[in-house]
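S.K.: Sharing final-v3.cif here; it has mmCIF, C-alpha atoms and all ligand atoms.
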```cif
data_upload
loop_
_atom_site.group_PDB
_atom_site.id
_atom_site.type_symbol
_atom_site.label_atom_id
_atom_site.label_comp_id
_atom_site.auth_asym_id
_atom_site.auth_seq_id
_atom_site.Cartn_x
_atom_site.Cartn_y
_atom_site.Cartn_z
ATOM 1 C CA MET A 8 126.819 102.868 93.443
ATOM 2 C CA VAL A 9 126.571 102.126 89.742
ATOM 3 C CA SER A 10 123.589 100.487 88.153
ATOM 4 C CA THR A 11 122.457 99.803 84.611
ATOM 5 C CA VAL A 12 118.872 100.239 83.498
ATOM 6 C CA GLY A 13 118.485 96.446 83.441
ATOM 7 C CA GLN A 14 119.912 95.970 86.936
ATOM 8 C CA PHE A 15 117.714 98.693 88.369
ATOM 9 C CA LEU A 16 114.612 97.196 86.751
ATOM 10 C CA HIS A 17 115.398 93.793 88.174
ATOM 11 C CA GLU A 18 116.059 95.099 91.690
ATOM 12 C CA ALA A 19 113.051 97.394 91.620
ATOM 13 C CA GLU A 20 110.773 94.594 90.488
ATOM 14 C CA THR A 21 111.954 92.384 93.339
ATOM 15 C CA HIS A 22 111.610 95.216 95.840
ATOM 16 C CA LEU A 23 108.075 96.088 94.690
ATOM 17 C CA SER A 24 106.817 92.522 94.411
ATOM 18 C CA SER A 25 105.365 92.507 97.913
ATOM 19 C CA HIS A 26 103.994 96.069 97.641
ATOM 20 C CA SER A 27 102.401 96.364 94.219
ATOM 21 C CA PRO A 28 100.173 94.182 92.035
ATOM 22 C CA SER A 29 102.281 95.152 88.985
ATOM 23 C CA PRO A 30 105.937 95.383 90.133
ATOM 24 C CA ARG A 31 107.643 95.057 86.717
ATOM 25 C CA LEU A 32 105.363 97.544 85.001
ATOM 26 C CA ASP A 33 105.732 100.018 87.883
ATOM 27 C CA ALA A 34 109.542 99.786 87.678
ATOM 28 C CA GLU A 35 109.471 100.293 83.919
ATOM 29 C CA VAL A 36 107.154 103.284 84.131
ATOM 30 C CA LEU A 37 109.393 104.924 86.748
ATOM 31 C CA VAL A 38 112.516 104.434 84.624
ATOM 32 C CA MET A 39 110.780 105.754 81.493
ATOM 33 C CA HIS A 40 109.542 108.743 83.482
ATOM 34 C CA VAL A 41 112.853 109.641 85.139
ATOM 35 C CA CYS A 42 115.080 108.950 82.118
ATOM 36 C CA GLY A 43 112.650 110.268 79.514
ATOM 37 C CA LEU A 44 112.663 106.984 77.605
ATOM 38 C CA SER A 45 110.008 105.409 75.409
ATOM 39 C CA ARG A 46 109.057 101.782 75.927
ATOM 40 C CA ALA A 47 111.100 100.771 72.853
ATOM 41 C CA GLU A 48 114.150 102.633 74.174
ATOM 42 C CA LEU A 49 113.750 100.966 77.538
ATOM 43 C CA LEU A 50 114.097 97.556 75.877
ATOM 44 C CA THR A 51 117.229 98.457 73.945
ATOM 45 C CA ARG A 52 119.018 100.228 76.822
ATOM 46 C CA ALA A 53 119.193 97.532 79.466
ATOM 47 C CA ASP A 54 123.007 97.768 79.510
ATOM 48 C CA VAL A 55 123.193 101.544 79.669
ATOM 49 C CA GLU A 56 124.452 102.924 82.996
ATOM 50 C CA LEU A 57 122.049 105.161 84.893
ATOM 51 C CA ARG A 58 123.352 108.615 85.750
ATOM 52 C CA GLN A 59 123.768 109.222 89.461
ATOM 53 C CA THR A 60 121.067 111.916 89.489
ATOM 54 C CA SER A 61 118.629 109.549 87.754
ATOM 55 C CA LEU A 62 119.475 106.732 90.132
ATOM 56 C CA THR A 63 118.936 108.916 93.214
ATOM 57 C CA ARG A 64 115.615 110.121 91.866
ATOM 58 C CA LEU A 65 114.557 106.573 90.980
ATOM 59 C CA GLN A 66 115.410 105.317 94.452
ATOM 60 C CA THR A 67 113.261 108.021 96.028
ATOM 61 C CA LEU A 68 110.307 107.189 93.765
ATOM 62 C CA LEU A 69 110.787 103.469 94.321
ATOM 63 C CA ALA A 70 110.621 103.958 98.096
ATOM 64 C CA ARG A 71 107.444 106.027 97.718
ATOM 65 C CA ARG A 72 105.872 103.368 95.489
ATOM 66 C CA ALA A 73 106.855 100.682 97.987
ATOM 67 C CA ALA A 74 105.099 102.758 100.665
ATOM 68 C CA GLY A 75 101.935 102.560 98.556
ATOM 69 C CA GLU A 76 101.777 105.852 96.684
ATOM 70 C CA PRO A 77 99.980 105.482 93.350
ATOM 71 C CA LEU A 78 102.187 105.423 90.285
ATOM 72 C CA ALA A 79 100.159 108.227 88.697
ATOM 73 C CA TYR A 80 100.998 110.571 91.590
ATOM 74 C CA LEU A 81 104.697 109.685 91.277
ATOM 75 C CA THR A 82 104.846 110.403 87.556
ATOM 76 C CA GLY A 83 102.177 113.135 87.708
ATOM 77 C CA VAL A 84 100.366 111.762 84.686
ATOM 78 C CA ARG A 85 97.574 109.339 83.802
ATOM 79 C CA GLU A 86 96.023 108.737 80.439
ATOM 80 C CA PHE A 87 92.255 109.017 80.014
ATOM 81 C CA TRP A 88 90.376 108.855 76.709
ATOM 82 C CA SER A 89 93.860 108.677 75.084
ATOM 83 C CA LEU A 90 94.728 112.066 76.592
ATOM 84 C CA PRO A 91 97.677 112.323 78.986
ATOM 85 C CA LEU A 92 96.367 114.250 81.993
ATOM 86 C CA ARG A 93 98.280 115.783 84.845
ATOM 87 C CA VAL A 94 97.239 114.388 88.195
ATOM 88 C CA SER A 95 98.242 115.330 91.719
ATOM 89 C CA ALA A 96 97.157 114.193 95.164
ATOM 90 C CA ASP A 97 94.441 116.892 94.943
ATOM 91 C CA VAL A 98 92.474 114.854 92.394
ATOM 92 C CA LEU A 99 91.131 111.350 91.955
ATOM 93 C CA ILE A 100 93.183 109.362 89.447
ATOM 94 C CA PRO A 101 91.000 108.872 86.359
ATOM 95 C CA ARG A 102 89.824 105.248 86.039
ATOM 96 C CA PRO A 103 89.384 103.337 82.780
ATOM 97 C CA GLU A 104 85.769 102.473 83.675
ATOM 98 C CA THR A 105 84.916 106.179 83.738
ATOM 99 C CA GLU A 106 85.392 106.197 79.962
ATOM 100 C CA LEU A 107 81.977 104.482 79.902
ATOM 101 C CA LEU A 108 80.440 107.667 81.308
ATOM 102 C CA VAL A 109 82.063 109.658 78.492
ATOM 103 C CA GLU A 110 80.874 107.138 75.886
ATOM 104 C CA ARG A 111 77.294 107.243 77.132
ATOM 105 C CA ALA A 112 77.346 111.033 77.283
ATOM 106 C CA LEU A 113 78.639 111.288 73.709
ATOM 107 C CA ALA A 114 75.953 108.870 72.541
ATOM 108 C CA HIS A 115 73.405 111.564 73.395
ATOM 109 C CA VAL A 116 75.127 114.692 72.098
ATOM 110 C CA PRO A 117 74.806 115.127 68.325
ATOM 111 C CA PRO A 118 78.276 116.010 66.963
ATOM 112 C CA ALA A 119 77.123 119.282 65.421
ATOM 113 C CA ALA A 120 74.931 120.358 68.355
ATOM 114 C CA SER A 121 75.719 123.311 70.596
ATOM 115 C CA TRP A 122 74.619 121.878 73.898
ATOM 116 C CA THR A 123 75.242 123.186 77.368
ATOM 117 C CA ILE A 124 76.711 120.369 79.455
ATOM 118 C CA ALA A 125 77.838 120.207 83.087
ATOM 119 C CA ASP A 126 80.397 117.931 84.749
ATOM 120 C CA LEU A 127 79.941 117.967 88.527
ATOM 121 C CA GLY A 128 83.025 117.264 90.670
ATOM 122 C CA THR A 129 85.384 117.416 87.716
ATOM 123 C CA GLY A 130 88.610 116.645 89.624
ATOM 124 C CA SER A 131 91.405 116.418 87.033
ATOM 125 C CA GLY A 132 88.900 117.548 84.392
ATOM 126 C CA ALA A 133 89.098 114.147 82.676
ATOM 127 C CA ILE A 134 85.408 113.745 81.803
ATOM 128 C CA ALA A 135 84.783 117.372 80.844
ATOM 129 C CA ILE A 136 87.918 117.557 78.701
ATOM 130 C CA ALA A 137 87.141 114.303 76.880
ATOM 131 C CA ILE A 138 83.591 115.491 76.086
ATOM 132 C CA ALA A 139 84.704 119.018 75.200
ATOM 133 C CA ARG A 140 87.229 117.700 72.700
ATOM 134 C CA GLU A 141 84.736 115.341 71.091
ATOM 135 C CA ARG A 142 81.984 117.954 70.956
ATOM 136 C CA PRO A 143 83.786 121.261 70.278
ATOM 137 C CA ARG A 144 80.543 123.139 69.508
ATOM 138 C CA SER A 145 79.097 122.357 72.916
ATOM 139 C CA ARG A 146 79.816 124.461 75.974
ATOM 140 C CA LEU A 147 80.769 122.786 79.215
ATOM 141 C CA PHE A 148 80.665 123.893 82.814
ATOM 142 C CA ALA A 149 82.905 121.892 85.132
ATOM 143 C CA THR A 150 82.512 122.370 88.864
ATOM 144 C CA ASP A 151 84.524 121.245 91.843
ATOM 145 C CA ALA A 152 84.491 122.173 95.524
ATOM 146 C CA SER A 153 88.294 122.047 95.558
ATOM 147 C CA ALA A 154 90.204 125.052 94.220
ATOM 148 C CA ALA A 155 93.336 122.896 94.031
ATOM 149 C CA ALA A 156 91.542 120.333 91.850
ATOM 150 C CA LEU A 157 90.258 123.077 89.554
ATOM 151 C CA GLU A 158 93.794 124.316 89.087
ATOM 152 C CA VAL A 159 94.799 120.850 87.862
ATOM 153 C CA ALA A 160 91.704 120.654 85.628
ATOM 154 C CA ARG A 161 92.379 124.081 84.099
ATOM 155 C CA GLU A 162 95.957 123.104 83.377
ATOM 156 C CA ASN A 163 94.777 119.904 81.665
ATOM 157 C CA ALA A 164 92.268 121.799 79.535
ATOM 158 C CA HIS A 165 94.983 124.233 78.518
ATOM 159 C CA ARG A 166 97.395 121.422 77.729
ATOM 160 C CA HIS A 167 94.861 119.877 75.363
ATOM 161 C CA HIS A 168 93.851 123.201 73.788
ATOM 162 C CA VAL A 169 90.317 122.954 75.107
ATOM 163 C CA THR A 170 88.610 126.333 75.299
ATOM 164 C CA ASN A 171 84.927 125.348 75.581
ATOM 165 C CA ILE A 172 84.942 124.574 79.304
ATOM 166 C CA GLU A 173 84.180 127.057 82.046
ATOM 167 C CA PHE A 174 85.532 125.924 85.419
ATOM 168 C CA ARG A 175 83.618 126.951 88.517
ATOM 169 C CA GLU A 176 84.345 126.432 92.188
ATOM 170 C CA GLY A 177 81.515 125.034 94.291
ATOM 171 C CA ASN A 178 79.713 121.945 95.469
ATOM 172 C CA TRP A 179 77.967 119.960 92.738
ATOM 173 C CA CYS A 180 75.266 122.206 91.217
ATOM 174 C CA ALA A 181 75.908 125.178 93.496
ATOM 175 C CA ALA A 182 78.281 126.859 91.029
ATOM 176 C CA LEU A 183 76.094 126.396 87.945
ATOM 177 C CA GLY A 184 74.263 129.708 88.231
ATOM 178 C CA LYS A 185 71.217 130.274 86.071
ATOM 179 C CA GLU A 186 72.173 128.057 83.147
ATOM 180 C CA ARG A 187 69.976 125.219 81.928
ATOM 181 C CA PHE A 188 71.671 122.053 80.777
ATOM 182 C CA GLU A 189 70.808 119.492 78.142
ATOM 183 C CA LEU A 190 73.121 117.074 79.895
ATOM 184 C CA ILE A 191 74.664 116.804 83.348
ATOM 185 C CA VAL A 192 77.302 114.154 84.051
ATOM 186 C CA SER A 193 79.132 113.257 87.231
ATOM 187 C CA ASN A 194 81.527 110.709 88.670
ATOM 188 C CA PRO A 195 80.844 111.638 92.286
ATOM 189 C CA PRO A 196 82.269 109.948 95.372
ATOM 190 C CA TYR A 197 80.272 106.760 95.926
ATOM 191 C CA VAL A 198 82.277 104.538 98.275
ATOM 192 C CA CYS A 199 80.748 103.682 101.705
ATOM 193 C CA GLU A 200 82.786 105.149 104.541
ATOM 194 C CA ALA A 201 83.244 101.702 106.143
ATOM 195 C CA ASP A 202 84.399 100.064 102.866
ATOM 196 C CA ALA A 203 87.461 97.917 103.580
ATOM 197 C CA HIS A 204 89.047 98.733 100.222
ATOM 198 C CA LEU A 205 89.707 102.300 101.442
ATOM 199 C CA ALA A 206 92.463 100.893 103.657
ATOM 200 C CA ARG A 207 94.308 99.147 100.814
ATOM 201 C CA GLY A 208 96.304 100.156 97.760
ATOM 202 C CA ASP A 209 96.218 103.388 95.805
ATOM 203 C CA VAL A 210 92.942 104.799 97.175
ATOM 204 C CA ARG A 211 94.621 105.451 100.549
ATOM 205 C CA PHE A 212 96.432 108.365 98.899
ATOM 206 C CA GLU A 213 93.511 109.817 96.959
ATOM 207 C CA PRO A 214 91.337 112.679 98.247
ATOM 208 C CA ARG A 215 88.720 111.182 100.566
ATOM 209 C CA ALA A 216 86.170 113.723 99.438
ATOM 210 C CA ALA A 217 86.472 112.348 95.902
ATOM 211 C CA LEU A 218 85.869 108.770 97.040
ATOM 212 C CA VAL A 219 83.696 108.565 100.127
ATOM 213 C CA ALA A 220 80.046 109.622 100.411
ATOM 214 C CA GLY A 221 78.572 108.680 103.783
ATOM 215 C CA ALA A 222 77.445 105.403 105.312
ATOM 216 C CA ASP A 223 75.927 103.947 102.120
ATOM 217 C CA GLY A 224 78.100 105.825 99.602
ATOM 218 C CA LEU A 225 75.057 107.613 98.206
ATOM 219 C CA ASP A 226 75.195 110.989 99.977
ATOM 220 C CA ALA A 227 76.635 112.887 96.999
ATOM 221 C CA ILE A 228 74.333 111.145 94.529
ATOM 222 C CA ARG A 229 71.267 112.012 96.657
ATOM 223 C CA THR A 230 72.298 115.688 96.668
ATOM 224 C CA ILE A 231 72.992 115.717 92.932
ATOM 225 C CA VAL A 232 69.720 113.988 92.033
ATOM 226 C CA ALA A 233 67.746 116.336 94.293
ATOM 227 C CA ASP A 234 69.360 119.471 92.855
ATOM 228 C CA CYS A 235 69.718 118.624 89.157
ATOM 229 C CA PRO A 236 66.063 118.989 88.069
ATOM 230 C CA ARG A 237 66.359 122.750 88.634
ATOM 231 C CA TYR A 238 69.328 122.923 86.277
ATOM 232 C CA LEU A 239 68.295 120.465 83.585
ATOM 233 C CA ALA A 240 66.419 121.597 80.503
ATOM 234 C CA ASP A 241 63.079 119.869 79.834
ATOM 235 C CA MET A 242 63.917 116.264 78.953
ATOM 236 C CA GLY A 243 67.554 116.966 79.874
ATOM 237 C CA ARG A 244 69.579 113.961 80.943
ATOM 238 C CA LEU A 245 71.568 113.151 84.052
ATOM 239 C CA LEU A 246 74.341 110.531 83.798
ATOM 240 C CA LEU A 247 75.990 109.199 86.934
ATOM 241 C CA GLU A 248 78.843 106.799 87.566
ATOM 242 C CA HIS A 249 78.325 104.626 90.637
ATOM 243 C CA GLY A 250 79.368 101.495 92.497
ATOM 244 C CA HIS A 251 78.592 98.071 91.011
ATOM 245 C CA ASP A 252 75.908 97.365 93.626
ATOM 246 C CA GLN A 253 74.212 100.781 93.706
ATOM 247 C CA ALA A 254 72.145 100.821 90.505
ATOM 248 C CA ALA A 255 68.878 99.695 92.110
ATOM 249 C CA ALA A 256 69.140 102.213 94.963
ATOM 250 C CA ILE A 257 69.989 104.996 92.526
ATOM 251 C CA SER A 258 67.022 104.124 90.296
ATOM 252 C CA ARG A 259 64.765 104.493 93.322
ATOM 253 C CA ILE A 260 66.291 107.860 94.179
ATOM 254 C CA LEU A 261 65.864 109.028 90.572
ATOM 255 C CA ILE A 262 62.231 107.904 90.401
ATOM 256 C CA GLY A 263 61.541 109.649 93.706
ATOM 257 C CA ALA A 264 62.889 112.881 92.209
ATOM 258 C CA GLY A 265 60.667 112.566 89.137
ATOM 259 C CA PHE A 266 63.229 111.241 86.666
ATOM 260 C CA ARG A 267 62.226 108.723 84.015
ATOM 261 C CA ASP A 268 63.634 106.681 81.118
ATOM 262 C CA ILE A 269 66.193 105.186 83.471
ATOM 263 C CA VAL A 270 68.863 103.048 81.795
ATOM 264 C CA VAL A 271 71.752 101.277 83.528
ATOM 265 C CA HIS A 272 74.964 100.583 81.601
ATOM 266 C CA ARG A 273 77.591 97.943 82.360
ATOM 267 C CA ASP A 274 81.334 98.539 82.164
ATOM 268 C CA LEU A 275 83.942 96.294 80.526
ATOM 269 C CA ALA A 276 84.055 94.164 83.667
ATOM 270 C CA ASP A 277 80.294 93.621 83.175
ATOM 271 C CA LEU A 278 79.467 95.622 86.306
ATOM 272 C CA GLU A 279 76.597 98.094 86.519
ATOM 273 C CA ARG A 280 78.568 101.333 86.450
ATOM 274 C CA VAL A 281 76.588 104.176 84.874
ATOM 275 C CA THR A 282 72.937 105.128 85.217
ATOM 276 C CA GLU A 283 71.218 107.677 83.024
ATOM 277 C CA ALA A 284 67.806 109.263 83.428
ATOM 278 C CA ARG A 285 65.701 111.976 81.912
ATOM 279 C CA ARG A 286 64.075 114.848 83.701
ATOM 280 C CA ALA A 287 60.343 114.852 83.146
ATOM 281 C CA THR A 288 58.875 117.974 81.573
HETATM 282 N N1 LIG B 1 85.789 103.500 91.441
HETATM 283 C C1 LIG B 1 86.512 104.143 92.497
HETATM 284 C C2 LIG B 1 87.015 103.148 93.497
HETATM 285 O O1 LIG B 1 86.343 102.209 93.820
HETATM 286 C C3 LIG B 1 85.681 105.167 93.205
HETATM 287 C C4 LIG B 1 85.523 106.363 92.394
HETATM 288 C C5 LIG B 1 84.479 107.231 92.952
HETATM 289 O O2 LIG B 1 84.112 107.170 94.120
HETATM 290 N N2 LIG B 1 83.970 108.057 92.119
HETATM 291 O O3 LIG B 1 88.107 103.296 93.959
#
```
Show the structure stored in the file as structure tokens.
M.R.:
Amino acid sequence: MVSTVGQFLHEAETHLSSHSPSPRLDAEVLVMHVCGLSRAELLTRADVELRQTSLTRLQTLLARRAAGEPLAYLTGVREFWSLPLRVSADVLIPRPETELLVERALAHVPPAASWTIADLGTGSGAIAIAIARERPRSRLFATDASAAALEVARENAHRHHVTNIEFREGNWCAALGKERFELIVSNPPYVCEADAHLARGDVRFEPRAALVAGADGLDAIRTIVADCPRYLADMGRLLLEHGHDQAAAISRILIGAGFRDIVVHRDLADLERVTEARRAT
């Protein structure tokens, strides 16, 4: 069967329309990925015939997308903080709202400072790599309980020439050793296990351990908040991403653990998304 780029895009868009919220974009991204085309080239090559090998590969990816697999797992890449990062099914796909966590973290770290910073549950390494690149004099420790995730994170750090991150395998703070940190950041799992959105769309294919944290979604955050004071320097800060309806509960947990100066930040969708707090001396 012969198909041009334009014909494939049209058919793929139709095929994906009942499976994806963005059928045209998905089809375009798959063609760019398989054929190695830029967006501009895609527009000018509608009449070019697809090679049989490309077409076969595209049909396989199209079927996987139609079955619900996230586009980022099909192409193996997702951009975060303007950095293309490799992603696999071993890691959560970096979300745009998580850039808020990076922004708030950077707001505290003076550019010339040599801070010691931890990223707990680093996954693809997105947060740690973004901070490490923006603050090259600081030293980061990025932990994850998954060896497979750390492999992806290490590869991403290498790809972006980042050498100021030490990756360590272990749950949350467990792998931090004896260091003291000026700043600890985390985008932990925070979805309730009964949340209906786990049964729909891309999240079905993401690691459950990166998404789900017990009945109220706060299990990981409770552990992190309880353990962090031992690892934070005096007046050191903890910054957490969380669900849009969890800020009040998290503030209570933080106060109970002796944190103060609690500030909640809203994301671009105007949802409470990041909470920061300071460890008391
Ligand atoms: N924001 C993600 C979602 O709702 C969850 C990410 C997380 O649990 N850290 O799919």
S.K.: Interatomic distance between CA of Val219 (chain A) and CA of Thr105 (chain A)?
M.R.: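 Distance between the two atoms: 16.6 Å.
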S.K.: Report the centre and edge lengths, in Å to one decimal, of an axis-aligned box enclosing every atom of ligand LIG 1 (chain B) listed in the file, padded by 4 Å on each side, as AutoDock Vina command-line options.
M.R.:
```
--center_x 86.0 --center_y 105.1 --center_z 92.8 --size_x 12.1 --size_y 13.8 --size_z 10.7
```
S.K.: Looking at only C-alpha atoms, which of A:Leu190, A:Leu65, A:Ile100, A:Ala70 is the one that sits closest to His26 (chain A)?
M.R.: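 Looking only at the distances to His26 (chain A), the closest residue turns out to be A:Ala70.
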S.K.: Could you tell me how far CA of His115 (chain A) lies from CA of Arg244 (chain A), in Å and to one decimal?
M.R.: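 Taking CA of His115 (chain A) as the start and CA of Arg244 (chain A) as the end point, the length is 8.8 Å.
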S.K.: Where does the PyMOL selection byres (((chain A and resi 13-17) around 9) and not hetatm) land in this file, that is, which residues does it pick, as JSON, numbers by chain?
M.R.: {"A": [10, 11, 12, 18, 19, 20, 21, 22, 31, 34, 35, 38, 49, 50, 52, 53, 54, 55, 56, 57, 62, 65]}
S.K.: Check every protein, DNA and RNA residue against ligand LIG 1 (chain B), keep those with an atom at most 8 Å away (counting all atoms listed in the file), and present them as a list in words.
M.R.: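 For ligand LIG 1 (chain B), the residues inside 8 Å are Leu99, Arg102, Glu104, Asn194, Pro195, Pro196, Tyr197, Val198, His204, Leu205, Val210, Ala217, Leu218, Val219, Ala220, Glu248, His249 and Gly250 of chain A.
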S.K.: Given the file above and the PyMOL selection byres (((chain A and resi 200) around 6) and not hetatm), which residues are selected, and can you give them as a PyMOL selection string?
M.R.: chain A and resi 199+201-202+219+221-222
S.K.: If you apply the PyMOL selection byres (((chain A and resi 92) around 9) and not hetatm) to this file, what residues do you get, as a ChimeraX atom specification?
M.R.: /A:83-87,90-91,93-94,101,131-133,159-160,162-164,166-167
S.K.: Go through A:Arg146, A:His272, A:His40, A:Arg72 one by one, measure the shortest atom-to-atom distance of each to Val109 (chain A) using all atoms listed in the file, and give the residue with the smallest value.
M.R.: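 Counting all atoms listed in the file, the residue closest to Val109 (chain A) is A:His272.
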S.K.: Could I get region 191-199 of chain A from the block written out with all heavy atoms, as a PDB file, in the first residue's frame?
M.R.:
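The resulting file, part.pdb, is reproduced below:
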```pdb
ATOM      1  N   ILE A 191      15.046  20.990  49.620  1.00  0.00           N
ATOM      2  CA  ILE A 191      14.608  19.672  49.152  1.00  0.00           C
ATOM      3  C   ILE A 191      13.328  19.877  48.341  1.00  0.00           C
ATOM      4  O   ILE A 191      12.404  20.565  48.790  1.00  0.00           O
ATOM      5  CB  ILE A 191      14.343  18.699  50.330  1.00  0.00           C
ATOM      6  CG1 ILE A 191      15.636  18.467  51.128  1.00  0.00           C
ATOM      7  CG2 ILE A 191      13.792  17.375  49.809  1.00  0.00           C
ATOM      8  CD1 ILE A 191      15.499  17.499  52.312  1.00  0.00           C
ATOM      9  N   VAL A 192      13.303  19.331  47.137  1.00  0.00           N
ATOM     10  CA  VAL A 192      12.113  19.447  46.288  1.00  0.00           C
ATOM     11  C   VAL A 192      11.607  18.050  45.949  1.00  0.00           C
ATOM     12  O   VAL A 192      12.378  17.087  45.939  1.00  0.00           O
ATOM     13  CB  VAL A 192      12.401  20.215  44.972  1.00  0.00           C
ATOM     14  CG1 VAL A 192      12.921  21.611  45.252  1.00  0.00           C
ATOM     15  CG2 VAL A 192      13.381  19.456  44.081  1.00  0.00           C
ATOM     16  N   SER A 193      10.314  17.958  45.683  1.00  0.00           N
ATOM     17  CA  SER A 193       9.777  16.670  45.246  1.00  0.00           C
ATOM     18  C   SER A 193       8.444  16.847  44.513  1.00  0.00           C
ATOM     19  O   SER A 193       7.617  17.668  44.910  1.00  0.00           O
ATOM     20  CB  SER A 193       9.568  15.723  46.440  1.00  0.00           C
ATOM     21  OG  SER A 193       9.093  14.465  45.978  1.00  0.00           O
ATOM     22  N   ASN A 194       8.288  16.075  43.448  1.00  0.00           N
ATOM     23  CA  ASN A 194       6.971  15.887  42.833  1.00  0.00           C
ATOM     24  C   ASN A 194       6.620  14.424  43.098  1.00  0.00           C
ATOM     25  O   ASN A 194       6.844  13.560  42.267  1.00  0.00           O
ATOM     26  CB  ASN A 194       7.029  16.168  41.328  1.00  0.00           C
ATOM     27  CG  ASN A 194       5.717  15.788  40.646  1.00  0.00           C
ATOM     28  OD1 ASN A 194       4.679  15.682  41.299  1.00  0.00           O
ATOM     29  ND2 ASN A 194       5.764  15.562  39.346  1.00  0.00           N
ATOM     30  N   PRO A 195       6.103  14.164  44.295  1.00  0.00           N
ATOM     31  CA  PRO A 195       5.838  12.762  44.666  1.00  0.00           C
ATOM     32  C   PRO A 195       4.514  12.292  44.068  1.00  0.00           C
ATOM     33  O   PRO A 195       3.770  13.103  43.512  1.00  0.00           O
ATOM     34  CB  PRO A 195       5.717  12.861  46.193  1.00  0.00           C
ATOM     35  CG  PRO A 195       5.109  14.211  46.409  1.00  0.00           C
ATOM     36  CD  PRO A 195       5.644  15.106  45.322  1.00  0.00           C
ATOM     37  N   PRO A 196       4.205  11.007  44.183  1.00  0.00           N
ATOM     38  CA  PRO A 196       2.856  10.578  43.801  1.00  0.00           C
ATOM     39  C   PRO A 196       1.863  11.234  44.755  1.00  0.00           C
ATOM     40  O   PRO A 196       2.131  11.323  45.955  1.00  0.00           O
ATOM     41  CB  PRO A 196       2.897   9.062  43.992  1.00  0.00           C
ATOM     42  CG  PRO A 196       4.011   8.824  44.959  1.00  0.00           C
ATOM     43  CD  PRO A 196       5.011   9.907  44.714  1.00  0.00           C
ATOM     44  N   TYR A 197       0.742  11.725  44.219  1.00  0.00           N
ATOM     45  CA  TYR A 197      -0.244  12.344  45.117  1.00  0.00           C
ATOM     46  C   TYR A 197      -1.692  12.087  44.709  1.00  0.00           C
ATOM     47  O   TYR A 197      -2.615  12.763  45.143  1.00  0.00           O
ATOM     48  CB  TYR A 197       0.029  13.845  45.270  1.00  0.00           C
ATOM     49  CG  TYR A 197       0.145  14.642  43.981  1.00  0.00           C
ATOM     50  CD1 TYR A 197      -0.968  14.908  43.197  1.00  0.00           C
ATOM     51  CD2 TYR A 197       1.377  15.166  43.574  1.00  0.00           C
ATOM     52  CE1 TYR A 197      -0.867  15.659  42.034  1.00  0.00           C
ATOM     53  CE2 TYR A 197       1.495  15.915  42.414  1.00  0.00           C
ATOM     54  CZ  TYR A 197       0.368  16.155  41.640  1.00  0.00           C
ATOM     55  OH  TYR A 197       0.474  16.906  40.490  1.00  0.00           O
ATOM     56  N   VAL A 198      -1.907  11.116  43.826  1.00  0.00           N
ATOM     57  CA  VAL A 198      -3.265  10.807  43.390  1.00  0.00           C
ATOM     58  C   VAL A 198      -3.874   9.777  44.358  1.00  0.00           C
ATOM     59  O   VAL A 198      -3.183   8.858  44.810  1.00  0.00           O
ATOM     60  CB  VAL A 198      -3.250  10.261  41.937  1.00  0.00           C
ATOM     61  CG1 VAL A 198      -4.659   9.905  41.477  1.00  0.00           C
ATOM     62  CG2 VAL A 198      -2.609  11.277  40.984  1.00  0.00           C
ATOM     63  N   CYS A 199      -5.164   9.947  44.702  1.00  0.00           N
ATOM     64  CA  CYS A 199      -5.862   8.977  45.569  1.00  0.00           C
ATOM     65  C   CYS A 199      -6.051   7.677  44.785  1.00  0.00           C
ATOM     66  O   CYS A 199      -6.347   7.717  43.592  1.00  0.00           O
ATOM     67  CB  CYS A 199      -7.248   9.473  45.954  1.00  0.00           C
ATOM     68  SG  CYS A 199      -7.291  11.130  46.572  1.00  0.00           S
TER      69      CYS A 199
END
```
